[in-house]
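run_35.txt (compact mmCIF, N, CA and C atoms)
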```
# COMPACT_ATOMS: atom_id res chain seq x y z
N VAL A 4 48.50 33.61 -1.39
CA VAL A 4 47.26 34.28 -1.71
C VAL A 4 46.61 33.61 -2.91
N GLY A 5 47.44 33.18 -3.88
CA GLY A 5 46.90 32.52 -5.06
C GLY A 5 46.19 31.22 -4.71
N VAL A 6 46.69 30.51 -3.71
CA VAL A 6 46.07 29.26 -3.31
C VAL A 6 44.72 29.53 -2.65
N ILE A 7 44.65 30.54 -1.83
CA ILE A 7 43.38 30.87 -1.17
C ILE A 7 42.34 31.26 -2.21
N CYS A 8 42.74 32.09 -3.18
CA CYS A 8 41.79 32.46 -4.22
C CYS A 8 41.34 31.21 -4.99
N GLY A 9 42.26 30.28 -5.21
CA GLY A 9 41.91 29.06 -5.92
C GLY A 9 40.85 28.27 -5.16
N PHE A 10 41.01 28.18 -3.84
CA PHE A 10 40.02 27.48 -3.02
C PHE A 10 38.68 28.22 -3.02
N ALA A 11 38.73 29.54 -2.95
CA ALA A 11 37.49 30.33 -2.94
C ALA A 11 36.76 30.18 -4.27
N GLU A 12 37.53 30.24 -5.36
CA GLU A 12 36.90 30.07 -6.67
C GLU A 12 36.30 28.67 -6.81
N MET A 13 37.03 27.67 -6.28
CA MET A 13 36.54 26.30 -6.34
C MET A 13 35.27 26.15 -5.50
N ALA A 14 35.21 26.80 -4.34
CA ALA A 14 34.02 26.72 -3.49
C ALA A 14 32.83 27.38 -4.18
N LEU A 15 33.07 28.52 -4.84
CA LEU A 15 31.98 29.19 -5.56
C LEU A 15 31.49 28.32 -6.72
N ALA A 16 32.42 27.72 -7.45
CA ALA A 16 32.04 26.85 -8.57
C ALA A 16 31.28 25.62 -8.07
N SER A 17 31.72 25.10 -6.94
CA SER A 17 31.05 23.94 -6.36
C SER A 17 29.63 24.31 -5.93
N ALA A 18 29.46 25.46 -5.32
CA ALA A 18 28.13 25.90 -4.90
C ALA A 18 27.23 26.11 -6.12
N ALA A 19 27.77 26.69 -7.17
CA ALA A 19 26.99 26.92 -8.40
C ALA A 19 26.59 25.58 -9.01
N LEU A 20 27.51 24.61 -9.00
CA LEU A 20 27.21 23.29 -9.53
C LEU A 20 26.09 22.62 -8.73
N ARG A 21 26.15 22.72 -7.39
CA ARG A 21 25.10 22.14 -6.55
C ARG A 21 23.74 22.76 -6.84
N ARG A 22 23.72 24.11 -6.99
CA ARG A 22 22.45 24.78 -7.31
C ARG A 22 21.92 24.33 -8.66
N SER A 23 22.81 24.18 -9.63
CA SER A 23 22.40 23.74 -10.97
C SER A 23 21.85 22.33 -10.94
N LEU A 24 22.51 21.45 -10.21
CA LEU A 24 22.03 20.06 -10.11
C LEU A 24 20.73 19.99 -9.34
N ALA A 25 20.58 20.81 -8.31
CA ALA A 25 19.34 20.81 -7.54
C ALA A 25 18.17 21.26 -8.42
N ALA A 26 18.42 22.25 -9.28
CA ALA A 26 17.36 22.73 -10.17
C ALA A 26 16.98 21.64 -11.17
N ARG A 27 17.95 20.90 -11.66
CA ARG A 27 17.66 19.83 -12.63
C ARG A 27 16.94 18.66 -11.97
N SER A 28 17.31 18.31 -10.75
CA SER A 28 16.73 17.15 -10.11
C SER A 28 15.35 17.44 -9.52
N PHE A 29 14.93 18.72 -9.53
CA PHE A 29 13.61 19.05 -9.00
C PHE A 29 12.53 18.29 -9.74
N GLY A 30 12.65 18.19 -11.07
CA GLY A 30 11.66 17.44 -11.84
C GLY A 30 11.65 15.97 -11.45
N VAL A 31 12.79 15.41 -11.16
CA VAL A 31 12.87 14.01 -10.75
C VAL A 31 12.18 13.82 -9.40
N ARG A 32 12.42 14.75 -8.48
CA ARG A 32 11.77 14.65 -7.17
C ARG A 32 10.26 14.75 -7.31
N GLY A 33 9.81 15.65 -8.17
CA GLY A 33 8.38 15.78 -8.39
C GLY A 33 7.79 14.50 -8.95
N PHE A 34 8.51 13.85 -9.85
CA PHE A 34 8.04 12.60 -10.42
C PHE A 34 8.04 11.49 -9.38
N ALA A 35 9.11 11.43 -8.59
CA ALA A 35 9.21 10.38 -7.58
C ALA A 35 8.13 10.54 -6.52
N ALA A 36 7.70 11.76 -6.28
CA ALA A 36 6.69 12.00 -5.26
C ALA A 36 5.28 11.78 -5.80
N ALA A 37 5.16 11.48 -7.09
CA ALA A 37 3.83 11.28 -7.68
C ALA A 37 3.16 10.07 -7.05
N ALA A 38 1.86 10.13 -6.98
CA ALA A 38 1.08 9.05 -6.36
C ALA A 38 1.20 7.77 -7.17
N SER A 39 1.10 6.66 -6.47
CA SER A 39 1.12 5.35 -7.10
C SER A 39 -0.14 4.61 -6.65
N PRO A 40 -1.27 4.90 -7.31
CA PRO A 40 -2.54 4.32 -6.83
C PRO A 40 -2.67 2.83 -7.17
N GLN A 41 -3.27 2.10 -6.26
CA GLN A 41 -3.57 0.68 -6.46
C GLN A 41 -4.98 0.43 -5.96
N LYS A 42 -5.75 -0.29 -6.76
CA LYS A 42 -7.12 -0.62 -6.37
C LYS A 42 -7.14 -1.97 -5.68
N PHE A 43 -8.02 -2.07 -4.68
CA PHE A 43 -8.27 -3.32 -3.97
C PHE A 43 -9.77 -3.57 -3.99
N ALA A 44 -10.18 -4.75 -4.41
CA ALA A 44 -11.59 -5.15 -4.39
C ALA A 44 -11.74 -6.13 -3.23
N ILE A 45 -12.44 -5.70 -2.19
CA ILE A 45 -12.53 -6.47 -0.96
C ILE A 45 -13.95 -6.98 -0.75
N TYR A 46 -14.05 -8.26 -0.44
CA TYR A 46 -15.33 -8.93 -0.19
C TYR A 46 -15.97 -8.33 1.04
N ARG A 47 -17.20 -7.85 0.90
CA ARG A 47 -17.91 -7.23 2.02
C ARG A 47 -19.29 -7.85 2.17
N TYR A 48 -19.77 -7.86 3.39
CA TYR A 48 -21.12 -8.36 3.68
C TYR A 48 -21.64 -7.61 4.90
N ASP A 49 -22.87 -7.12 4.79
CA ASP A 49 -23.51 -6.43 5.90
C ASP A 49 -24.74 -7.22 6.31
N PRO A 50 -24.68 -7.96 7.43
CA PRO A 50 -25.82 -8.79 7.83
C PRO A 50 -27.05 -7.96 8.20
N ASP A 51 -26.87 -6.70 8.57
CA ASP A 51 -28.02 -5.86 8.92
C ASP A 51 -28.88 -5.54 7.70
N LYS A 52 -28.27 -5.48 6.53
CA LYS A 52 -29.02 -5.15 5.32
C LYS A 52 -29.61 -6.38 4.63
N GLN A 53 -29.19 -7.55 5.03
CA GLN A 53 -29.68 -8.80 4.45
C GLN A 53 -29.50 -8.84 2.92
N ALA A 54 -28.51 -8.17 2.41
CA ALA A 54 -28.23 -8.17 0.97
C ALA A 54 -27.14 -9.18 0.67
N LYS A 55 -26.95 -9.45 -0.61
CA LYS A 55 -25.89 -10.39 -1.02
C LYS A 55 -24.52 -9.77 -0.75
N PRO A 56 -23.52 -10.63 -0.49
CA PRO A 56 -22.15 -10.11 -0.37
C PRO A 56 -21.72 -9.46 -1.68
N PHE A 57 -20.78 -8.53 -1.59
CA PHE A 57 -20.32 -7.80 -2.77
C PHE A 57 -18.84 -7.46 -2.61
N LEU A 58 -18.21 -7.09 -3.72
CA LEU A 58 -16.82 -6.63 -3.70
C LEU A 58 -16.83 -5.11 -3.70
N GLN A 59 -16.25 -4.53 -2.68
CA GLN A 59 -16.16 -3.07 -2.59
C GLN A 59 -14.75 -2.66 -2.99
N GLU A 60 -14.65 -1.65 -3.83
CA GLU A 60 -13.35 -1.22 -4.34
C GLU A 60 -12.82 -0.03 -3.55
N TYR A 61 -11.55 -0.12 -3.20
CA TYR A 61 -10.83 0.94 -2.50
C TYR A 61 -9.57 1.25 -3.30
N THR A 62 -9.14 2.49 -3.28
CA THR A 62 -7.89 2.88 -3.93
C THR A 62 -7.00 3.54 -2.89
N ILE A 63 -5.74 3.06 -2.82
CA ILE A 63 -4.78 3.68 -1.90
C ILE A 63 -3.51 4.00 -2.66
N ASP A 64 -2.72 4.89 -2.09
CA ASP A 64 -1.44 5.28 -2.66
C ASP A 64 -0.35 4.36 -2.09
N LEU A 65 0.29 3.60 -2.96
CA LEU A 65 1.32 2.65 -2.50
C LEU A 65 2.56 3.35 -1.96
N LYS A 66 2.75 4.63 -2.31
CA LYS A 66 3.92 5.37 -1.79
C LYS A 66 3.79 5.63 -0.30
N THR A 67 2.56 5.59 0.22
CA THR A 67 2.33 5.87 1.64
C THR A 67 1.91 4.62 2.40
N CYS A 68 2.26 3.48 1.85
CA CYS A 68 1.82 2.21 2.43
C CYS A 68 3.00 1.24 2.47
N GLY A 69 2.95 0.33 3.40
CA GLY A 69 3.97 -0.71 3.46
C GLY A 69 3.87 -1.65 2.27
N PRO A 70 4.81 -2.58 2.12
CA PRO A 70 4.87 -3.41 0.91
C PRO A 70 3.95 -4.63 0.91
N MET A 71 3.37 -4.97 2.03
CA MET A 71 2.58 -6.21 2.12
C MET A 71 1.07 -5.93 1.99
N ILE A 72 0.34 -6.97 1.60
CA ILE A 72 -1.11 -6.88 1.49
C ILE A 72 -1.71 -6.46 2.83
N LEU A 73 -1.21 -7.02 3.92
CA LEU A 73 -1.72 -6.67 5.24
C LEU A 73 -1.53 -5.19 5.53
N ASP A 74 -0.42 -4.61 5.10
CA ASP A 74 -0.20 -3.17 5.28
C ASP A 74 -1.29 -2.36 4.58
N ALA A 75 -1.65 -2.78 3.37
CA ALA A 75 -2.70 -2.08 2.62
C ALA A 75 -4.05 -2.22 3.33
N LEU A 76 -4.35 -3.40 3.84
CA LEU A 76 -5.61 -3.60 4.55
C LEU A 76 -5.69 -2.74 5.81
N ILE A 77 -4.60 -2.66 6.53
CA ILE A 77 -4.56 -1.83 7.74
C ILE A 77 -4.73 -0.36 7.36
N LYS A 78 -4.09 0.07 6.29
CA LYS A 78 -4.22 1.46 5.82
C LYS A 78 -5.67 1.76 5.44
N ILE A 79 -6.31 0.83 4.72
CA ILE A 79 -7.72 1.03 4.34
C ILE A 79 -8.58 1.12 5.60
N LYS A 80 -8.36 0.23 6.56
CA LYS A 80 -9.16 0.23 7.79
C LYS A 80 -8.94 1.50 8.59
N ASP A 81 -7.71 1.95 8.71
CA ASP A 81 -7.38 3.12 9.53
C ASP A 81 -7.77 4.44 8.88
N GLU A 82 -7.61 4.55 7.55
CA GLU A 82 -7.73 5.85 6.90
C GLU A 82 -8.92 6.00 5.95
N VAL A 83 -9.48 4.88 5.48
CA VAL A 83 -10.53 4.98 4.46
C VAL A 83 -11.88 4.49 4.98
N ASP A 84 -11.93 3.28 5.52
CA ASP A 84 -13.20 2.69 5.93
C ASP A 84 -13.03 1.94 7.24
N THR A 85 -13.46 2.55 8.31
CA THR A 85 -13.27 1.94 9.64
C THR A 85 -14.18 0.75 9.88
N THR A 86 -15.15 0.51 8.99
CA THR A 86 -16.03 -0.64 9.16
C THR A 86 -15.40 -1.94 8.64
N LEU A 87 -14.30 -1.84 7.95
CA LEU A 87 -13.61 -3.03 7.44
C LEU A 87 -13.02 -3.81 8.62
N THR A 88 -13.26 -5.11 8.63
CA THR A 88 -12.69 -5.94 9.70
C THR A 88 -12.02 -7.17 9.11
N PHE A 89 -10.99 -7.62 9.76
CA PHE A 89 -10.25 -8.82 9.36
C PHE A 89 -9.42 -9.26 10.54
N ARG A 90 -8.97 -10.51 10.49
CA ARG A 90 -8.15 -11.03 11.58
C ARG A 90 -6.68 -10.86 11.25
N ARG A 91 -5.92 -10.55 12.28
CA ARG A 91 -4.46 -10.48 12.18
C ARG A 91 -3.89 -10.61 13.58
N SER A 92 -2.63 -11.02 13.65
CA SER A 92 -2.05 -11.16 14.97
C SER A 92 -0.55 -10.87 14.96
N CYS A 93 0.24 -11.79 14.44
CA CYS A 93 1.69 -11.69 14.63
C CYS A 93 2.43 -10.87 13.58
N ARG A 94 1.88 -10.73 12.38
CA ARG A 94 2.51 -10.02 11.25
C ARG A 94 3.82 -10.67 10.79
N GLU A 95 4.08 -11.90 11.19
CA GLU A 95 5.34 -12.56 10.84
C GLU A 95 5.14 -13.89 10.12
N GLY A 96 3.92 -14.23 9.75
CA GLY A 96 3.67 -15.47 9.03
C GLY A 96 3.70 -16.71 9.90
N ILE A 97 3.53 -16.56 11.19
CA ILE A 97 3.59 -17.70 12.10
C ILE A 97 2.19 -18.16 12.51
N CYS A 98 1.32 -17.23 12.88
CA CYS A 98 0.03 -17.62 13.47
C CYS A 98 -1.00 -18.03 12.43
N GLY A 99 -0.97 -17.45 11.24
CA GLY A 99 -1.92 -17.80 10.19
C GLY A 99 -3.26 -17.10 10.28
N SER A 100 -3.43 -16.18 11.21
CA SER A 100 -4.74 -15.54 11.37
C SER A 100 -5.09 -14.60 10.22
N CYS A 101 -4.12 -14.13 9.46
CA CYS A 101 -4.42 -13.23 8.33
C CYS A 101 -4.55 -14.00 7.01
N ALA A 102 -4.83 -15.29 7.09
CA ALA A 102 -5.01 -16.09 5.89
C ALA A 102 -6.26 -15.64 5.15
N MET A 103 -6.14 -15.45 3.84
CA MET A 103 -7.26 -15.05 3.01
C MET A 103 -6.99 -15.43 1.57
N ASN A 104 -8.00 -15.30 0.74
CA ASN A 104 -7.87 -15.60 -0.68
C ASN A 104 -7.54 -14.30 -1.39
N ILE A 105 -6.34 -14.23 -1.96
CA ILE A 105 -5.86 -13.02 -2.60
C ILE A 105 -5.62 -13.32 -4.08
N ASN A 106 -6.39 -12.66 -4.93
CA ASN A 106 -6.34 -12.88 -6.38
C ASN A 106 -6.49 -14.36 -6.72
N GLY A 107 -7.39 -15.05 -6.02
CA GLY A 107 -7.70 -16.43 -6.34
C GLY A 107 -6.79 -17.47 -5.71
N LYS A 108 -5.81 -17.04 -4.92
CA LYS A 108 -4.89 -17.98 -4.26
C LYS A 108 -4.93 -17.76 -2.77
N ASN A 109 -4.94 -18.84 -2.02
CA ASN A 109 -4.93 -18.72 -0.57
C ASN A 109 -3.53 -18.37 -0.10
N GLY A 110 -3.44 -17.44 0.85
CA GLY A 110 -2.13 -17.05 1.36
C GLY A 110 -2.27 -16.19 2.60
N LEU A 111 -1.13 -15.85 3.18
CA LEU A 111 -1.10 -14.98 4.35
C LEU A 111 -0.86 -13.55 3.89
N ALA A 112 -1.74 -12.64 4.30
CA ALA A 112 -1.63 -11.24 3.89
C ALA A 112 -0.35 -10.60 4.41
N CYS A 113 0.18 -11.10 5.51
CA CYS A 113 1.41 -10.51 6.06
C CYS A 113 2.66 -10.94 5.31
N LEU A 114 2.56 -11.98 4.48
CA LEU A 114 3.72 -12.47 3.74
C LEU A 114 3.67 -12.15 2.24
N LEU A 115 2.50 -11.77 1.74
CA LEU A 115 2.36 -11.53 0.30
C LEU A 115 2.58 -10.06 -0.02
N TYR A 116 3.53 -9.81 -0.93
CA TYR A 116 3.81 -8.46 -1.37
C TYR A 116 2.70 -7.94 -2.28
N ILE A 117 2.50 -6.65 -2.25
CA ILE A 117 1.57 -6.01 -3.18
C ILE A 117 2.26 -5.96 -4.54
N GLU A 118 1.64 -6.56 -5.54
CA GLU A 118 2.17 -6.51 -6.90
C GLU A 118 1.34 -5.50 -7.68
N PRO A 119 1.89 -4.29 -7.87
CA PRO A 119 1.11 -3.23 -8.51
C PRO A 119 0.62 -3.64 -9.90
N SER A 120 -0.64 -3.31 -10.18
CA SER A 120 -1.20 -3.58 -11.49
C SER A 120 -2.35 -2.62 -11.73
N ALA A 121 -2.79 -2.55 -12.98
CA ALA A 121 -3.92 -1.69 -13.32
C ALA A 121 -5.23 -2.27 -12.80
N GLN A 122 -5.26 -3.58 -12.64
CA GLN A 122 -6.47 -4.23 -12.15
C GLN A 122 -6.46 -4.26 -10.62
N ALA A 123 -7.65 -4.32 -10.06
CA ALA A 123 -7.78 -4.37 -8.60
C ALA A 123 -7.27 -5.70 -8.06
N ILE A 124 -6.63 -5.65 -6.91
CA ILE A 124 -6.23 -6.86 -6.19
C ILE A 124 -7.48 -7.33 -5.44
N GLU A 125 -7.92 -8.55 -5.74
CA GLU A 125 -9.16 -9.06 -5.16
C GLU A 125 -8.87 -9.83 -3.87
N ILE A 126 -9.54 -9.43 -2.81
CA ILE A 126 -9.34 -10.06 -1.50
C ILE A 126 -10.67 -10.61 -1.01
N GLN A 127 -10.68 -11.93 -0.75
CA GLN A 127 -11.88 -12.62 -0.28
C GLN A 127 -11.51 -13.50 0.90
N PRO A 128 -12.50 -13.96 1.66
CA PRO A 128 -12.20 -14.91 2.73
C PRO A 128 -11.78 -16.25 2.15
N LEU A 129 -11.17 -17.09 2.97
CA LEU A 129 -10.82 -18.43 2.53
C LEU A 129 -12.09 -19.17 2.11
N PRO A 130 -12.00 -20.04 1.11
CA PRO A 130 -13.20 -20.71 0.59
C PRO A 130 -13.99 -21.50 1.63
N HIS A 131 -13.35 -22.06 2.62
CA HIS A 131 -14.04 -22.91 3.60
C HIS A 131 -14.51 -22.15 4.85
N THR A 132 -14.37 -20.82 4.86
CA THR A 132 -14.74 -20.07 6.07
C THR A 132 -16.07 -19.34 5.89
N TYR A 133 -16.67 -19.02 6.99
CA TYR A 133 -17.93 -18.27 6.99
C TYR A 133 -17.63 -16.81 7.29
N VAL A 134 -18.45 -15.94 6.72
CA VAL A 134 -18.34 -14.50 7.02
C VAL A 134 -19.48 -14.16 7.96
N VAL A 135 -19.18 -13.63 9.12
CA VAL A 135 -20.21 -13.29 10.10
C VAL A 135 -20.28 -11.80 10.33
```
In structure tokens, what does this structure look like?
Amino acid sequence: VGVICGFAEMALASAALRRSLAARSFGVRGFAAAASPQKFAIYRYDPDKQAKPFLQEYTIDLKTCGPMILDALIKIKDEVDTTLTFRRSCREGICGSCAMNINGKNGLACLLYIEPSAQAIEIQPLPHTYVV
């Protein structure tokens, strides 16, 4: 009987410890769930308006986005601005169709990780390409 009581007491203590730890870690979960906003400045041009090209700024939450620049562009196109267009195909760095100028360097959006910063990540077409 003493052994059974020992197990029961241990189970109660274990349950109390779990509740105590859950209450303490609630603040950590709340912090981990906090938004992680990142700005993107994307080159835009509207031929119907005959205006100069401009950089349009978008902000997305990196916690709800994949790790690559292409993931952010797809998220912006799907959830924020459906008029955004860009080329993409394989998502594996083979075809090269997602090549663009990202923060002043030419690269593939499917291979470049989003590097979080306070400044907007600037995305423009390749220097030798035309925007239609």
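Across the structure, atom N of Ala102 in chain A and CA of Ile72 in chain A are spaced 10.8 Å apart.
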Practice problem: Show which residues sit within 6.5 Å of Cys101 in chain A, as an MDAnalysis selection string. Count all atoms listed in the file, and ignore same-chain residues fewer than 5 positions away. | Solution: chainID A and resid 90:92 110:113
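Atom pair atom N of Lys80 in chain A / atom N of Pro40 in chain A: separated by 16.3 Å.
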Self-check item: Shortest interatomic distance to Ala44 in chain A - which of A:Leu58, A:Val83, A:Ala75, A:Cys68, counting all atoms listed in the file
Solution: A:Leu58
Quiz prompt | Point-to-point distance in Å for atom N of Asp64 in chain A and atom C of Pro128 in chain A | solution =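 Those two atoms sit 23.4 Å apart.
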How big is the axis-aligned box around all listed atoms of range 92-101 of chain A once 5 Å goes on each side, and where's its centre, in Å to one decimal, as JSON?
```
{"center_x": 0.1, "center_y": -14.1, "center_z": 11.0, "size_x": 20.4, "size_y": 18.1, "size_z": 18.0}
```
Exercise. For Asn104 in chain A, list every protein, DNA or RNA residue within 7 Å, evaluated using all atoms listed in the file, and leave out those in the same chain fewer than 5 positions away; present the list as a list in words.
Key: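 Result of the neighbour search: Asn109, Gly110, Glu125, Ile126, Gln127, Pro128, Leu129 and Pro130 of chain A.
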Practice problem: Compare A:Ala123, A:Thr132, A:Thr86, A:Thr67 by their minimum atom-to-atom distance to Lys42 in chain A, counting only N, CA and C atoms, and give me the closest one. | Solution: A:Ala123
Quiz item: Using all atoms listed in the file, which of A:Cys98, A:Ser120, A:Tyr133, A:Leu114 sits nearest Asp74 in chain A?
Solution: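 Under the stated criterion, the closest residue is A:Leu114.
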All heavy atoms for range 108-118 of chain A, written as a PDB file, in the coordinates of the input, could you do that?
```
ATOM      1  N   LYS A 108      -5.810 -17.040  -4.920  1.00  0.00           N
ATOM      2  CA  LYS A 108      -4.890 -17.980  -4.260  1.00  0.00           C
ATOM      3  C   LYS A 108      -4.930 -17.760  -2.770  1.00  0.00           C
ATOM      4  O   LYS A 108      -4.901 -16.612  -2.302  1.00  0.00           O
ATOM      5  CB  LYS A 108      -3.462 -17.788  -4.776  1.00  0.00           C
ATOM      6  CG  LYS A 108      -3.296 -18.116  -6.239  1.00  0.00           C
ATOM      7  CD  LYS A 108      -1.858 -17.930  -6.670  1.00  0.00           C
ATOM      8  CE  LYS A 108      -1.692 -18.257  -8.143  1.00  0.00           C
ATOM      9  NZ  LYS A 108      -0.336 -18.022  -8.613  1.00  0.00           N
ATOM     10  N   ASN A 109      -4.940 -18.840  -2.020  1.00  0.00           N
ATOM     11  CA  ASN A 109      -4.930 -18.720  -0.570  1.00  0.00           C
ATOM     12  C   ASN A 109      -3.530 -18.370  -0.100  1.00  0.00           C
ATOM     13  O   ASN A 109      -2.534 -18.915  -0.595  1.00  0.00           O
ATOM     14  CB  ASN A 109      -5.365 -20.037   0.080  1.00  0.00           C
ATOM     15  CG  ASN A 109      -6.788 -20.394  -0.266  1.00  0.00           C
ATOM     16  OD1 ASN A 109      -7.569 -19.534  -0.657  1.00  0.00           O
ATOM     17  ND2 ASN A 109      -7.130 -21.663  -0.123  1.00  0.00           N
ATOM     18  N   GLY A 110      -3.440 -17.440   0.850  1.00  0.00           N
ATOM     19  CA  GLY A 110      -2.130 -17.050   1.360  1.00  0.00           C
ATOM     20  C   GLY A 110      -2.270 -16.190   2.600  1.00  0.00           C
ATOM     21  O   GLY A 110      -3.377 -15.848   3.028  1.00  0.00           O
ATOM     22  N   LEU A 111      -1.130 -15.850   3.180  1.00  0.00           N
ATOM     23  CA  LEU A 111      -1.100 -14.980   4.350  1.00  0.00           C
ATOM     24  C   LEU A 111      -0.860 -13.550   3.890  1.00  0.00           C
ATOM     25  O   LEU A 111       0.120 -13.265   3.196  1.00  0.00           O
ATOM     26  CB  LEU A 111      -0.002 -15.418   5.312  1.00  0.00           C
ATOM     27  CG  LEU A 111      -0.139 -16.817   5.918  1.00  0.00           C
ATOM     28  CD1 LEU A 111       1.051 -17.125   6.814  1.00  0.00           C
ATOM     29  CD2 LEU A 111      -1.435 -16.943   6.683  1.00  0.00           C
ATOM     30  N   ALA A 112      -1.740 -12.640   4.300  1.00  0.00           N
ATOM     31  CA  ALA A 112      -1.630 -11.240   3.890  1.00  0.00           C
ATOM     32  C   ALA A 112      -0.350 -10.600   4.410  1.00  0.00           C
ATOM     33  O   ALA A 112       0.174  -9.671   3.785  1.00  0.00           O
ATOM     34  CB  ALA A 112      -2.846 -10.463   4.360  1.00  0.00           C
ATOM     35  N   CYS A 113       0.180 -11.100   5.510  1.00  0.00           N
ATOM     36  CA  CYS A 113       1.410 -10.510   6.060  1.00  0.00           C
ATOM     37  C   CYS A 113       2.660 -10.940   5.310  1.00  0.00           C
ATOM     38  O   CYS A 113       3.718 -10.329   5.475  1.00  0.00           O
ATOM     39  CB  CYS A 113       1.532 -10.838   7.545  1.00  0.00           C
ATOM     40  SG  CYS A 113       1.768 -12.586   7.896  1.00  0.00           S
ATOM     41  N   LEU A 114       2.560 -11.980   4.480  1.00  0.00           N
ATOM     42  CA  LEU A 114       3.720 -12.470   3.740  1.00  0.00           C
ATOM     43  C   LEU A 114       3.670 -12.150   2.240  1.00  0.00           C
ATOM     44  O   LEU A 114       4.685 -12.264   1.563  1.00  0.00           O
ATOM     45  CB  LEU A 114       3.868 -13.987   3.903  1.00  0.00           C
ATOM     46  CG  LEU A 114       4.208 -14.491   5.295  1.00  0.00           C
ATOM     47  CD1 LEU A 114       4.330 -16.007   5.277  1.00  0.00           C
ATOM     48  CD2 LEU A 114       5.485 -13.862   5.812  1.00  0.00           C
ATOM     49  N   LEU A 115       2.500 -11.770   1.740  1.00  0.00           N
ATOM     50  CA  LEU A 115       2.360 -11.530   0.300  1.00  0.00           C
ATOM     51  C   LEU A 115       2.580 -10.060  -0.020  1.00  0.00           C
ATOM     52  O   LEU A 115       1.914  -9.177   0.533  1.00  0.00           O
ATOM     53  CB  LEU A 115       0.974 -11.969  -0.172  1.00  0.00           C
ATOM     54  CG  LEU A 115       0.731 -13.475  -0.112  1.00  0.00           C
ATOM     55  CD1 LEU A 115      -0.710 -13.795  -0.461  1.00  0.00           C
ATOM     56  CD2 LEU A 115       1.674 -14.195  -1.062  1.00  0.00           C
ATOM     57  N   TYR A 116       3.530  -9.810  -0.930  1.00  0.00           N
ATOM     58  CA  TYR A 116       3.810  -8.460  -1.370  1.00  0.00           C
ATOM     59  C   TYR A 116       2.700  -7.940  -2.280  1.00  0.00           C
ATOM     60  O   TYR A 116       2.069  -8.710  -2.998  1.00  0.00           O
ATOM     61  CB  TYR A 116       5.139  -8.399  -2.145  1.00  0.00           C
ATOM     62  CG  TYR A 116       6.350  -8.496  -1.268  1.00  0.00           C
ATOM     63  CD1 TYR A 116       7.027  -9.702  -1.115  1.00  0.00           C
ATOM     64  CD2 TYR A 116       6.827  -7.381  -0.585  1.00  0.00           C
ATOM     65  CE1 TYR A 116       8.145  -9.799  -0.305  1.00  0.00           C
ATOM     66  CE2 TYR A 116       7.944  -7.471   0.226  1.00  0.00           C
ATOM     67  CZ  TYR A 116       8.599  -8.671   0.357  1.00  0.00           C
ATOM     68  OH  TYR A 116       9.694  -8.760   1.162  1.00  0.00           O
ATOM     69  N   ILE A 117       2.500  -6.650  -2.250  1.00  0.00           N
ATOM     70  CA  ILE A 117       1.570  -6.010  -3.180  1.00  0.00           C
ATOM     71  C   ILE A 117       2.260  -5.960  -4.540  1.00  0.00           C
ATOM     72  O   ILE A 117       3.353  -5.421  -4.660  1.00  0.00           O
ATOM     73  CB  ILE A 117       1.228  -4.572  -2.733  1.00  0.00           C
ATOM     74  CG1 ILE A 117       0.566  -4.588  -1.367  1.00  0.00           C
ATOM     75  CG2 ILE A 117       0.351  -3.880  -3.769  1.00  0.00           C
ATOM     76  CD1 ILE A 117       0.415  -3.215  -0.728  1.00  0.00           C
ATOM     77  N   GLU A 118       1.640  -6.560  -5.540  1.00  0.00           N
ATOM     78  CA  GLU A 118       2.170  -6.510  -6.900  1.00  0.00           C
ATOM     79  C   GLU A 118       1.340  -5.500  -7.680  1.00  0.00           C
ATOM     80  O   GLU A 118       0.208  -5.794  -8.063  1.00  0.00           O
ATOM     81  CB  GLU A 118       2.105  -7.891  -7.541  1.00  0.00           C
ATOM     82  CG  GLU A 118       2.987  -8.909  -6.842  1.00  0.00           C
ATOM     83  CD  GLU A 118       2.889 -10.293  -7.463  1.00  0.00           C
ATOM     84  OE1 GLU A 118       2.333 -10.423  -8.568  1.00  0.00           O
ATOM     85  OE2 GLU A 118       3.362 -11.231  -6.823  1.00  0.00           O
TER      86      GLU A 118
END
```
